[in-house]
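Working notes, structure below.
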Amino acid sequence: MNTGTPVSPASRETAAENTPAGGGIEVFAASALFGGLGALLPLGAMRRATSAAVRHPAPVVRTLARLPGGLVTATVGGAPDRVGRDSRFTDRAWQGNPFFRRLAAGYLTTCDAVMTILDDLDTDWRTREQLRQSVDNLLAAAAPTNNPLVNPEVWKEVLDTGGSNFLRGSRYVLDDWRTPSKLPAAVDRSAFRIGETIAATPGAVVRRERLYELLQYTPTTEKVDAVPTVFIASPVNKFYLLDLAPDRSLIRAELRAGRRVFVISWVNPDASHADVGFDDYIAALIEAMETACRIAGTDSCHPIGLCGGGQITLIAAAYLAAVGRQQLMATLSIAIAVTDFSAGPAGSASLDRGRARRAIEKSRRSGRFDAADTARSFAVMRPVDGIWNAFVHRYLLGRAAPKHDLLYWAADQTDLAAAFGADLLEIALDNPFVVPGRARIRDTPIDVSAISVPTYVLGASTDHISPWRDCYRTVAMIGETADFVLATGGHAAAIARGPGAERASYRTSVPALGVDADEWLGRSELHAGPWWDHWNAWLTSVSPDTTTAPAHLGDDAYPVLGDAPGTYVRRVAS
């Protein structure tokens, strides 16, 4: 079947860079709004914003007064550079045809004015972010690219195919409506096979418990680190963001660097896991770290928590500090994770006690938080990339979804145990980890500032799920042992670019403690290459010792149970 012009590699990379997936506590805060889609029309926030505009009308009046002139300038000149920078208007007709260029420029100018009004409102961050989410979705839906009557790319497709693009698009609508999320498919899932074309790095399952499988990967160098590295992915998505197609696998790159790699693969929970809570995940993580140390014959390891895994890892580290067991960690790395919810991220802005209660009650009936709700949460957090680009590509142009390993991973989301999700929502509401002793893990009060091992904190420059300034606040929680690094890129793409990757960069700066985020950024220095290169050098500076690579995986106590990537990663959300 003819499926139209294929998506260019550049377009696929852009979609992957902006893929709306990943995260942790903040994602479940956002998913709570699907107790009712009324969160996209937040009446309370609208009333507060109106009141703020009445009290301080000058910024609103000033922006509205400038808008007609801006529209005239945009429609006369067409602002070709401004149009060309927006991924929705990359077709040459949007820039070369005066009518379409002016239509796009007028739309973008209006969007800028609306967002300026929103930014200038004298109101609290929660109100502003609730409105921003609603406005962002309304503006994204109103884009002229979504209207087949004024989208030149759709007209060309009609002429090229005799209108069969709409026939194919209608079939895709029916296909997508049968999926749990009901969203336009962003990737062709038939193009990948777990353990063969993706997540295929050689290794073994060396421990299997109710919540996780511990994977150990086969060394590829004669010498390996004496201290093993344990990767902790987010429970929201599966671990193989670290192990995409073989030529893009971070795990393979780390093995080439001589790392001794272990990975926690969380179970995709079902109703039987309904009682599993935050404490259980902390206990499971510590148990996995202990197992990795035993197999490696060491007393400590390098845990690195990614996204939601970073949140769990930080609290596990605080618990170890509270019980006098920090020696289990040689270092601590927290990558692209928000742990202080006092002023963001945006995903938690719509959460309140009522919505949290409704979400928890719904999850208790099924025993889980539904992955489909999470997928919809991701989509509305970034509607252009999460909904409308795929809407145009799939339904209006009638083209098959692209084949891209990162997009495949993003679509392979997991459910979450009811008790664990409820705990995450309570954390987002109460923000307990910023106050020493307020939170208790396994009946032990914890203090994040008691963590004293060398700590590496990472943010991503264009991250919309866990914005880097929100990640930056973790430094103040931990104290002077923490260094901050800023990777260039989005939430998932910044992680997936492994050591030696091209077109990557990162920033380092002055010690972060006592310096606000913008001052840190102003003093920062840009470095070519992926942040993984910097992180690897940092690990080596702390633990330089190496040893002969093991001839076998596992040990007598924890023998090999099967090949990586194991069985848990293959479980698909219902």
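Every chain in the structure tokens has a letter given in the order shown (A, B, ...), and although residue numbers restart at 1 in each chain, ligands are simply numbered from 1 in the order shown.
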Mind running region 199-219 of chain A against region 276-287 of chain A at 12 Å and telling me each contacting residue's nearest atom pair with the distance in Å (one decimal), counting only C-alpha atoms, chain and number ascending, as JSON lines?
{"residue": "A:Arg207", "atom": "CA", "partner": "A:Glu287", "partner_atom": "CA", "distance": 10.2}
{"residue": "A:Arg208", "atom": "CA", "partner": "A:Ala284", "partner_atom": "CA", "distance": 10.7}
{"residue": "A:Glu209", "atom": "CA", "partner": "A:Ala284", "partner_atom": "CA", "distance": 8.4}
{"residue": "A:Arg210", "atom": "CA", "partner": "A:Ala284", "partner_atom": "CA", "distance": 9.0}
{"residue": "A:Leu211", "atom": "CA", "partner": "A:Ala284", "partner_atom": "CA", "distance": 7.0}
{"residue": "A:Tyr212", "atom": "CA", "partner": "A:Ala284", "partner_atom": "CA", "distance": 7.4}
{"residue": "A:Glu213", "atom": "CA", "partner": "A:Ala284", "partner_atom": "CA", "distance": 10.0}
{"residue": "A:Leu214", "atom": "CA", "partner": "A:Leu285", "partner_atom": "CA", "distance": 9.8}
Requested in this report: Using only C-alpha atoms, determine which residues lie at most 9 Å from Thr229 (chain A), disregarding the query and same-chain residues fewer than 2 positions distant; provide the list as a PyMOL selection string.
Outcome: chain A and resi 225+227+231+259-263+292+301-304
Go ahead and save the residues from that selection, with N, CA, C and O atoms, as a short mmCIF file (atom, residue, chain, number, x, y, z; two decimals), in the first residue's frame.
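Result saved to again_7.cif:
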data_model
loop_
_atom_site.label_atom_id
_atom_site.label_comp_id
_atom_site.auth_asym_id
_atom_site.auth_seq_id
_atom_site.Cartn_x
_atom_site.Cartn_y
_atom_site.Cartn_z
N ASP A 225 35.79 -1.70 35.97
CA ASP A 225 35.82 -1.01 37.25
C ASP A 225 35.71 -2.00 38.39
O ASP A 225 34.93 -2.98 38.33
N VAL A 227 34.43 -1.08 41.19
CA VAL A 227 33.14 -0.72 41.77
C VAL A 227 32.07 -0.76 40.68
O VAL A 227 32.20 -0.07 39.66
N PHE A 231 22.27 1.11 37.32
CA PHE A 231 21.36 2.05 36.68
C PHE A 231 19.94 1.79 37.18
O PHE A 231 19.47 0.65 37.16
N ARG A 259 32.96 0.02 32.24
CA ARG A 259 32.05 -0.01 33.39
C ARG A 259 31.55 -1.44 33.64
O ARG A 259 31.39 -2.24 32.72
N ARG A 260 31.29 -1.70 34.90
CA ARG A 260 30.71 -2.99 35.31
C ARG A 260 29.22 -2.74 35.52
O ARG A 260 28.82 -2.23 36.56
N VAL A 261 28.40 -3.07 34.54
CA VAL A 261 27.05 -2.54 34.44
C VAL A 261 26.00 -3.51 34.97
O VAL A 261 25.90 -4.66 34.52
N PHE A 262 25.19 -2.99 35.92
CA PHE A 262 23.98 -3.65 36.38
C PHE A 262 22.81 -2.69 36.14
O PHE A 262 22.96 -1.47 36.23
N VAL A 263 21.64 -3.25 35.84
CA VAL A 263 20.45 -2.43 35.58
C VAL A 263 19.26 -3.05 36.30
O VAL A 263 19.06 -4.27 36.27
N ALA A 292 24.28 -6.39 43.57
CA ALA A 292 25.32 -6.02 42.62
C ALA A 292 26.68 -5.98 43.31
O ALA A 292 27.69 -6.44 42.75
N CYS A 301 28.81 0.62 45.47
CA CYS A 301 28.49 0.70 44.05
C CYS A 301 28.25 2.16 43.67
O CYS A 301 28.20 3.05 44.54
N HIS A 302 28.10 2.40 42.38
CA HIS A 302 27.76 3.72 41.86
C HIS A 302 26.30 3.70 41.40
O HIS A 302 26.01 3.36 40.25
N PRO A 303 25.33 4.06 42.25
CA PRO A 303 23.94 4.11 41.76
C PRO A 303 23.71 5.38 40.96
O PRO A 303 24.16 6.47 41.33
N ILE A 304 23.02 5.25 39.84
CA ILE A 304 22.61 6.41 39.05
C ILE A 304 21.13 6.27 38.74
O ILE A 304 20.71 5.32 38.06
#
Query raised in the report: Contacts of Trp520 (chain A) at 12 Å or less, counting only C-alpha atoms, minus same-chain residues fewer than 4 places along, as a ChimeraX atom specification?
Result: /A:468-469,472-473,475,483-486,507-516,524-525
Query raised in the report: Between A:Ala45, A:Leu215, A:Met477, A:Leu183, which has the minimum distance to Trp388 (chain A) (counting only C-alpha atoms)?
Result: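 Answer, going by the shortest atom-to-atom distance: A:Leu183.
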**Report entry** DSSP helix (DSSP H, G or I) selection over region 45-192 of chain A, as a VMD selection string
**Finding:** chain A and resid 45 to 55 58 to 77 80 to 84 87 to 89 92 to 96 98 to 120 125 to 141 144 to 146 152 to 161 164 to 177 189 to 191
Query raised in the report: Which residue gives the smallest distance to Leu406 (chain A) among A:Ala537, A:Val114, A:Leu314, A:Ala493, with only C-alpha atoms counted?
Result: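 Of A:Ala537, A:Val114, A:Leu314, A:Ala493, the one nearest Leu406 (chain A), counting only C-alpha atoms, is A:Ala493.
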Report task. Name the residues in contact with Ser342 (chain A) at a cut-off of 10 Å, using only C-alpha atoms, excluding same-chain residues fewer than 2 positions from it; report them as an NGL selection string. Result -> :A and (125-126 or 339-340 or 344-345 or 428-432 or 434 or 470 or 473)
Report task. Compile the contact shell of Thr220 (chain A) as a list in words: residues with an atom at most 12 Å away, counting only C-alpha atoms, same-chain residues fewer than 6 positions apart removed. Result ->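 Close residues of Thr220 (chain A): Thr201, Pro202, Gly203, Ile251, Arg252, Ala253, Glu254, Leu255, Arg256, Ala257, Gly258, Arg259, Arg260, Val261, Thr548, Ala549, Pro550 and Ala551 of chain A.
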Generate a file of the selected residues that holds N, CA, C and O atoms, formatted as an mmCIF file, in the first residue's frame.
data_model
loop_
_atom_site.group_PDB
_atom_site.id
_atom_site.type_symbol
_atom_site.label_atom_id
_atom_site.label_comp_id
_atom_site.auth_asym_id
_atom_site.auth_seq_id
_atom_site.Cartn_x
_atom_site.Cartn_y
_atom_site.Cartn_z
ATOM 1 N N THR A 201 21.555 -5.899 24.114
ATOM 2 C CA THR A 201 22.924 -6.050 24.599
ATOM 3 C C THR A 201 23.050 -7.337 25.398
ATOM 4 O O THR A 201 22.215 -7.611 26.273
ATOM 5 N N PRO A 202 24.098 -8.141 25.144
ATOM 6 C CA PRO A 202 24.257 -9.416 25.859
ATOM 7 C C PRO A 202 24.407 -9.232 27.368
ATOM 8 O O PRO A 202 25.157 -8.376 27.840
ATOM 9 N N GLY A 203 23.671 -10.017 28.106
ATOM 10 C CA GLY A 203 23.719 -9.968 29.557
ATOM 11 C C GLY A 203 22.803 -11.025 30.125
ATOM 12 O O GLY A 203 22.325 -11.918 29.391
ATOM 13 N N ILE A 251 24.164 1.394 27.211
ATOM 14 C CA ILE A 251 24.769 0.305 27.965
ATOM 15 C C ILE A 251 25.993 -0.242 27.234
ATOM 16 O O ILE A 251 27.044 -0.481 27.842
ATOM 17 N N ARG A 252 25.892 -0.416 25.930
ATOM 18 C CA ARG A 252 27.053 -0.889 25.164
ATOM 19 C C ARG A 252 28.207 0.103 25.258
ATOM 20 O O ARG A 252 29.376 -0.293 25.372
ATOM 21 N N ALA A 253 27.879 1.393 25.211
ATOM 22 C CA ALA A 253 28.925 2.412 25.307
ATOM 23 C C ALA A 253 29.595 2.369 26.677
ATOM 24 O O ALA A 253 30.826 2.503 26.789
ATOM 25 N N GLU A 254 28.817 2.171 27.723
ATOM 26 C CA GLU A 254 29.394 2.092 29.067
ATOM 27 C C GLU A 254 30.246 0.838 29.237
ATOM 28 O O GLU A 254 31.271 0.852 29.921
ATOM 29 N N LEU A 255 29.831 -0.250 28.624
ATOM 30 C CA LEU A 255 30.658 -1.461 28.663
ATOM 31 C C LEU A 255 31.990 -1.229 27.952
ATOM 32 O O LEU A 255 33.042 -1.674 28.423
ATOM 33 N N ARG A 256 31.955 -0.519 26.822
ATOM 34 C CA ARG A 256 33.201 -0.206 26.119
ATOM 35 C C ARG A 256 34.108 0.686 26.963
ATOM 36 O O ARG A 256 35.340 0.646 26.827
ATOM 37 N N ALA A 257 33.496 1.488 27.830
ATOM 38 C CA ALA A 257 34.274 2.365 28.710
ATOM 39 C C ALA A 257 34.823 1.622 29.924
ATOM 40 O O ALA A 257 35.517 2.220 30.753
ATOM 41 N N GLY A 258 34.535 0.325 30.033
ATOM 42 C CA GLY A 258 35.047 -0.468 31.135
ATOM 43 C C GLY A 258 34.180 -0.462 32.376
ATOM 44 O O GLY A 258 34.616 -0.907 33.443
ATOM 45 N N ARG A 259 32.959 0.019 32.242
ATOM 46 C CA ARG A 259 32.050 -0.012 33.392
ATOM 47 C C ARG A 259 31.555 -1.438 33.645
ATOM 48 O O ARG A 259 31.391 -2.237 32.719
ATOM 49 N N ARG A 260 31.289 -1.704 34.897
ATOM 50 C CA ARG A 260 30.714 -2.988 35.311
ATOM 51 C C ARG A 260 29.224 -2.738 35.522
ATOM 52 O O ARG A 260 28.818 -2.229 36.561
ATOM 53 N N VAL A 261 28.398 -3.072 34.538
ATOM 54 C CA VAL A 261 27.049 -2.538 34.438
ATOM 55 C C VAL A 261 25.997 -3.507 34.974
ATOM 56 O O VAL A 261 25.896 -4.655 34.519
ATOM 57 N N THR A 548 40.209 -7.439 36.820
ATOM 58 C CA THR A 548 40.007 -8.295 35.655
ATOM 59 C C THR A 548 38.522 -8.571 35.462
ATOM 60 O O THR A 548 37.799 -8.848 36.425
ATOM 61 N N ALA A 549 38.076 -8.489 34.239
ATOM 62 C CA ALA A 549 36.666 -8.719 33.943
ATOM 63 C C ALA A 549 36.270 -10.138 34.337
ATOM 64 O O ALA A 549 37.034 -11.088 34.109
ATOM 65 N N PRO A 550 35.103 -10.321 34.924
ATOM 66 C CA PRO A 550 34.684 -11.667 35.336
ATOM 67 C C PRO A 550 34.438 -12.558 34.123
ATOM 68 O O PRO A 550 33.963 -12.102 33.084
ATOM 69 N N ALA A 551 34.766 -13.822 34.286
ATOM 70 C CA ALA A 551 34.551 -14.777 33.194
ATOM 71 C C ALA A 551 33.098 -15.204 33.097
ATOM 72 O O ALA A 551 32.655 -15.670 32.039
#
Report task. Fewer than 2 positions away in the same chain doesn't count, so skip those; otherwise give me all residues within 12 Å of Asp124 (chain A), counting only C-alpha atoms, as a ChimeraX atom specification. Result -> /A:45,48-49,52,118-122,126-131,342-344,349
Store the residues picked out above in a file with all heavy atoms, as a short mmCIF file (atom, residue, chain, number, x, y, z; two decimals), in the first residue's frame.
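Everything below was put into again-v4.cif:
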data_model
loop_
_atom_site.label_atom_id
_atom_site.label_comp_id
_atom_site.auth_asym_id
_atom_site.auth_seq_id
_atom_site.Cartn_x
_atom_site.Cartn_y
_atom_site.Cartn_z
N ALA A 45 -8.47 28.77 38.33
CA ALA A 45 -7.29 29.50 37.85
C ALA A 45 -7.69 30.66 36.95
O ALA A 45 -7.08 31.74 36.98
CB ALA A 45 -6.35 28.54 37.09
N ARG A 48 -8.79 33.50 39.20
CA ARG A 48 -7.65 34.16 39.84
C ARG A 48 -6.87 35.00 38.84
O ARG A 48 -6.40 36.10 39.16
CB ARG A 48 -6.73 33.12 40.48
CG ARG A 48 -7.37 32.41 41.68
CD ARG A 48 -6.36 31.58 42.44
NE ARG A 48 -5.85 30.45 41.65
CZ ARG A 48 -6.43 29.26 41.59
NH1 ARG A 48 -7.57 29.05 42.24
NH2 ARG A 48 -5.88 28.29 40.87
N ALA A 49 -6.73 34.51 37.61
CA ALA A 49 -6.02 35.26 36.59
C ALA A 49 -6.77 36.53 36.21
O ALA A 49 -6.17 37.59 36.02
CB ALA A 49 -5.80 34.38 35.36
N ALA A 52 -6.23 39.02 38.86
CA ALA A 52 -4.88 39.59 38.77
C ALA A 52 -4.80 40.62 37.65
O ALA A 52 -4.16 41.67 37.80
CB ALA A 52 -3.87 38.48 38.55
N LEU A 118 0.18 35.95 29.62
CA LEU A 118 0.20 34.95 30.68
C LEU A 118 1.44 35.11 31.56
O LEU A 118 1.37 35.06 32.80
CB LEU A 118 0.16 33.55 30.06
CG LEU A 118 -0.01 32.36 31.00
CD1 LEU A 118 -1.29 32.49 31.80
CD2 LEU A 118 -0.02 31.07 30.20
N ASP A 119 2.58 35.32 30.94
CA ASP A 119 3.83 35.48 31.70
C ASP A 119 3.80 36.72 32.59
O ASP A 119 4.43 36.74 33.66
CB ASP A 119 5.03 35.56 30.76
CG ASP A 119 5.32 34.22 30.08
OD1 ASP A 119 4.92 33.19 30.63
OD2 ASP A 119 5.95 34.23 29.01
N ASP A 120 3.10 37.78 32.14
CA ASP A 120 3.09 39.05 32.87
C ASP A 120 2.04 39.12 33.97
O ASP A 120 1.99 40.10 34.72
CB ASP A 120 2.86 40.21 31.89
CG ASP A 120 4.07 40.45 30.99
OD1 ASP A 120 5.17 39.97 31.33
OD2 ASP A 120 3.91 41.11 29.94
N LEU A 121 1.19 38.09 34.08
CA LEU A 121 0.16 38.12 35.12
C LEU A 121 0.80 38.09 36.51
O LEU A 121 1.71 37.31 36.78
CB LEU A 121 -0.78 36.92 34.97
CG LEU A 121 -1.85 36.99 33.88
CD1 LEU A 121 -2.63 35.69 33.84
CD2 LEU A 121 -2.79 38.17 34.10
N ASP A 122 0.29 38.91 37.39
CA ASP A 122 0.78 38.97 38.76
C ASP A 122 0.03 37.95 39.59
O ASP A 122 -0.90 38.27 40.33
CB ASP A 122 0.58 40.39 39.32
CG ASP A 122 1.15 40.53 40.73
OD1 ASP A 122 1.99 39.69 41.12
OD2 ASP A 122 0.74 41.47 41.45
N ARG A 126 1.42 28.30 40.41
CA ARG A 126 0.47 27.21 40.16
C ARG A 126 -0.66 27.68 39.24
O ARG A 126 -1.03 27.00 38.29
CB ARG A 126 -0.08 26.68 41.48
CG ARG A 126 -0.89 25.41 41.35
CD ARG A 126 -1.33 24.91 42.72
NE ARG A 126 -0.20 24.52 43.54
CZ ARG A 126 0.37 23.31 43.49
NH1 ARG A 126 -0.08 22.40 42.66
NH2 ARG A 126 1.38 23.03 44.27
N THR A 127 -1.20 28.87 39.52
CA THR A 127 -2.24 29.42 38.66
C THR A 127 -1.72 29.63 37.25
O THR A 127 -2.38 29.29 36.26
CB THR A 127 -2.75 30.76 39.23
OG1 THR A 127 -3.38 30.52 40.49
CG2 THR A 127 -3.75 31.42 38.29
N ARG A 128 -0.52 30.19 37.15
CA ARG A 128 0.05 30.47 35.83
C ARG A 128 0.26 29.18 35.04
O ARG A 128 -0.04 29.11 33.85
CB ARG A 128 1.37 31.23 35.97
CG ARG A 128 2.00 31.63 34.64
CD ARG A 128 3.27 32.44 34.82
NE ARG A 128 2.97 33.75 35.38
CZ ARG A 128 3.23 34.12 36.64
NH1 ARG A 128 3.79 33.24 37.46
NH2 ARG A 128 2.94 35.32 37.06
N GLU A 129 0.76 28.14 35.69
CA GLU A 129 1.04 26.90 34.98
C GLU A 129 -0.25 26.15 34.61
O GLU A 129 -0.31 25.49 33.58
CB GLU A 129 1.97 26.00 35.79
CG GLU A 129 3.38 26.54 35.94
CD GLU A 129 4.05 26.81 34.60
OE1 GLU A 129 3.73 26.11 33.61
OE2 GLU A 129 4.88 27.74 34.52
N GLN A 130 -1.27 26.25 35.46
CA GLN A 130 -2.56 25.66 35.09
C GLN A 130 -3.10 26.32 33.83
O GLN A 130 -3.59 25.65 32.91
CB GLN A 130 -3.55 25.81 36.24
CG GLN A 130 -3.29 24.90 37.43
CD GLN A 130 -4.27 25.12 38.56
OE1 GLN A 130 -5.26 25.84 38.39
NE2 GLN A 130 -4.00 24.54 39.71
N LEU A 131 -3.02 27.64 33.78
CA LEU A 131 -3.49 28.36 32.60
C LEU A 131 -2.60 28.08 31.40
O LEU A 131 -3.08 27.95 30.27
CB LEU A 131 -3.53 29.85 32.88
CG LEU A 131 -4.66 30.34 33.78
CD1 LEU A 131 -4.50 31.81 34.09
CD2 LEU A 131 -6.01 30.08 33.12
N SER A 342 8.36 22.63 45.40
CA SER A 342 7.85 23.87 45.97
C SER A 342 7.42 24.87 44.92
O SER A 342 6.55 25.71 45.17
CB SER A 342 8.91 24.50 46.88
OG SER A 342 10.10 24.77 46.15
N ALA A 343 8.02 24.81 43.72
CA ALA A 343 7.70 25.80 42.68
C ALA A 343 7.67 25.16 41.31
O ALA A 343 8.10 25.74 40.32
CB ALA A 343 8.71 26.95 42.72
N GLY A 344 7.17 23.97 41.21
CA GLY A 344 7.12 23.29 39.93
C GLY A 344 7.57 21.85 40.12
O GLY A 344 7.89 21.42 41.22
N ALA A 349 1.18 21.26 38.62
CA ALA A 349 0.43 22.48 38.91
C ALA A 349 -1.07 22.23 39.06
O ALA A 349 -1.74 22.90 39.86
CB ALA A 349 0.67 23.52 37.82
#
Show which residues sit within 10 Å of region 367-369 of chain A, as a JSON list (two decimals) with N, CA, C and O atoms, in the first residue's frame. Count only C-alpha atoms, and ignore same-chain residues fewer than 3 positions away.
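File around15.json, as written:
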[["chain", "number", "residue", "atom", "x", "y", "z"],
["A", 28, "PHE", "N", 2.80, 11.61, 37.53],
["A", 28, "PHE", "CA", 1.59, 11.10, 38.17],
["A", 28, "PHE", "C", 0.76, 12.21, 38.78],
["A", 28, "PHE", "O", -0.45, 12.10, 38.90],
["A", 31, "SER", "N", -1.10, 13.09, 35.72],
["A", 31, "SER", "CA", -2.08, 12.09, 35.30],
["A", 31, "SER", "C", -3.34, 12.13, 36.15],
["A", 31, "SER", "O", -4.39, 11.67, 35.74],
["A", 32, "ALA", "N", -3.24, 12.72, 37.34],
["A", 32, "ALA", "CA", -4.42, 12.83, 38.20],
["A", 32, "ALA", "C", -5.51, 13.67, 37.57],
["A", 32, "ALA", "O", -6.69, 13.52, 37.88],
["A", 269, "PRO", "N", 3.47, -3.49, 36.75],
["A", 269, "PRO", "CA", 2.60, -4.09, 37.76],
["A", 269, "PRO", "C", 1.19, -4.36, 37.25],
["A", 269, "PRO", "O", 0.71, -3.72, 36.31],
["A", 270, "ASP", "N", 0.55, -5.31, 37.89],
["A", 270, "ASP", "CA", -0.86, -5.60, 37.65],
["A", 270, "ASP", "C", -1.60, -5.50, 38.97],
["A", 270, "ASP", "O", -1.06, -5.00, 39.97],
["A", 271, "ALA", "N", -2.82, -5.98, 39.01],
["A", 271, "ALA", "CA", -3.63, -5.83, 40.21],
["A", 271, "ALA", "C", -3.03, -6.53, 41.42],
["A", 271, "ALA", "O", -3.27, -6.12, 42.56],
["A", 272, "SER", "N", -2.19, -7.53, 41.20],
["A", 272, "SER", "CA", -1.58, -8.25, 42.32],
["A", 272, "SER", "C", -0.55, -7.40, 43.05],
["A", 272, "SER", "O", -0.13, -7.74, 44.16],
["A", 273, "HIS", "N", -0.13, -6.29, 42.43],
["A", 273, "HIS", "CA", 0.85, -5.40, 43.06],
["A", 273, "HIS", "C", 0.18, -4.19, 43.70],
["A", 273, "HIS", "O", 0.86, -3.22, 44.06],
["A", 274, "ALA", "N", -1.12, -4.22, 43.87],
["A", 274, "ALA", "CA", -1.85, -3.03, 44.34],
["A", 274, "ALA", "C", -1.32, -2.51, 45.67],
["A", 274, "ALA", "O", -1.36, -1.30, 45.94],
["A", 275, "ASP", "N", -0.81, -3.39, 46.53],
["A", 275, "ASP", "CA", -0.38, -3.00, 47.86],
["A", 275, "ASP", "C", 1.05, -2.47, 47.92],
["A", 275, "ASP", "O", 1.52, -2.05, 48.97],
["A", 276, "VAL", "N", 1.75, -2.48, 46.80],
["A", 276, "VAL", "CA", 3.17, -2.10, 46.79],
["A", 276, "VAL", "C", 3.28, -0.58, 46.85],
["A", 276, "VAL", "O", 2.72, 0.14, 46.00],
["A", 359, "ALA", "N", -8.21, 10.33, 41.78],
["A", 359, "ALA", "CA", -7.28, 9.46, 41.07],
["A", 359, "ALA", "C", -6.94, 8.22, 41.90],
["A", 359, "ALA", "O", -6.86, 7.10, 41.37],
["A", 360, "ILE", "N", -6.77, 8.42, 43.21],
["A", 360, "ILE", "CA", -6.44, 7.29, 44.09],
["A", 360, "ILE", "C", -7.61, 6.33, 44.18],
["A", 360, "ILE", "O", -7.43, 5.10, 44.13],
["A", 361, "GLU", "N", -8.82, 6.85, 44.30],
["A", 361, "GLU", "CA", -10.00, 5.98, 44.35],
["A", 361, "GLU", "C", -10.15, 5.17, 43.08],
["A", 361, "GLU", "O", -10.47, 3.97, 43.11],
["A", 362, "LYS", "N", -9.91, 5.79, 41.94],
["A", 362, "LYS", "CA", -9.99, 5.07, 40.67],
["A", 362, "LYS", "C", -8.95, 3.96, 40.60],
["A", 362, "LYS", "O", -9.23, 2.84, 40.18],
["A", 363, "SER", "N", -7.72, 4.25, 41.06],
["A", 363, "SER", "CA", -6.66, 3.25, 41.00],
["A", 363, "SER", "C", -6.94, 2.08, 41.93],
["A", 363, "SER", "O", -6.58, 0.93, 41.64],
["A", 364, "ARG", "N", -7.57, 2.34, 43.06],
["A", 364, "ARG", "CA", -7.86, 1.26, 44.00],
["A", 364, "ARG", "C", -8.86, 0.28, 43.43],
["A", 364, "ARG", "O", -8.82, -0.91, 43.76],
["A", 372, "ALA", "N", -2.49, 4.35, 30.21],
["A", 372, "ALA", "CA", -3.15, 5.18, 29.22],
["A", 372, "ALA", "C", -3.36, 6.60, 29.74],
["A", 372, "ALA", "O", -3.24, 7.58, 29.00],
["A", 373, "ASP", "N", -3.69, 6.74, 31.04],
["A", 373, "ASP", "CA", -3.83, 8.07, 31.62],
["A", 373, "ASP", "C", -2.49, 8.80, 31.60],
["A", 373, "ASP", "O", -2.43, 10.01, 31.33],
["A", 374, "THR", "N", -1.43, 8.08, 31.91],
["A", 374, "THR", "CA", -0.11, 8.69, 31.87],
["A", 374, "THR", "C", 0.24, 9.14, 30.46],
["A", 374, "THR", "O", 0.79, 10.23, 30.26],
["A", 414, "THR", "N", 4.27, 1.99, 31.23],
["A", 414, "THR", "CA", 3.86, 0.99, 32.21],
["A", 414, "THR", "C", 2.74, 1.51, 33.09],
["A", 414, "THR", "O", 2.56, 2.73, 33.26],
["A", 415, "ASP", "N", 2.00, 0.58, 33.65],
["A", 415, "ASP", "CA", 1.08, 0.93, 34.73],
["A", 415, "ASP", "C", 1.89, 1.19, 36.00],
["A", 415, "ASP", "O", 3.11, 0.99, 36.02],
["A", 416, "LEU", "N", 1.22, 1.61, 37.04],
["A", 416, "LEU", "CA", 1.90, 1.81, 38.32],
["A", 416, "LEU", "C", 1.01, 1.27, 39.43],
["A", 416, "LEU", "O", -0.22, 1.46, 39.39],
["A", 417, "ALA", "N", 1.61, 0.61, 40.41],
["A", 417, "ALA", "CA", 0.85, 0.03, 41.50],
["A", 417, "ALA", "C", 0.05, 1.10, 42.23],
["A", 417, "ALA", "O", 0.51, 2.24, 42.41],
["A", 418, "ALA", "N", -1.16, 0.74, 42.66],
["A", 418, "ALA", "CA", -2.08, 1.72, 43.25],
["A", 418, "ALA", "C", -1.47, 2.40, 44.48],
["A", 418, "ALA", "O", -1.52, 3.63, 44.62],
["A", 419, "ALA", "N", -0.89, 1.63, 45.39],
["A", 419, "ALA", "CA", -0.33, 2.22, 46.61],
["A", 419, "ALA", "C", 0.87, 3.12, 46.29],
["A", 419, "ALA", "O", 1.03, 4.19, 46.88],
["A", 420, "PHE", "N", 1.69, 2.69, 45.35],
["A", 420, "PHE", "CA", 2.87, 3.48, 44.97],
["A", 420, "PHE", "C", 2.45, 4.80, 44.34],
["A", 420, "PHE", "O", 2.97, 5.86, 44.67],
["A", 421, "GLY", "N", 1.49, 4.74, 43.42],
["A", 421, "GLY", "CA", 1.01, 5.96, 42.81],
["A", 421, "GLY", "C", 0.39, 6.91, 43.82],
["A", 421, "GLY", "O", 0.59, 8.14, 43.75],
["A", 422, "ALA", "N", -0.35, 6.37, 44.79],
["A", 422, "ALA", "CA", -0.94, 7.21, 45.84],
["A", 422, "ALA", "C", 0.15, 7.89, 46.65],
["A", 422, "ALA", "O", 0.04, 9.08, 47.01]]
Report summary line: Between CA of Gly554 (chain A) and CA of Thr567 (chain A) lies a distance of 17.2 Å
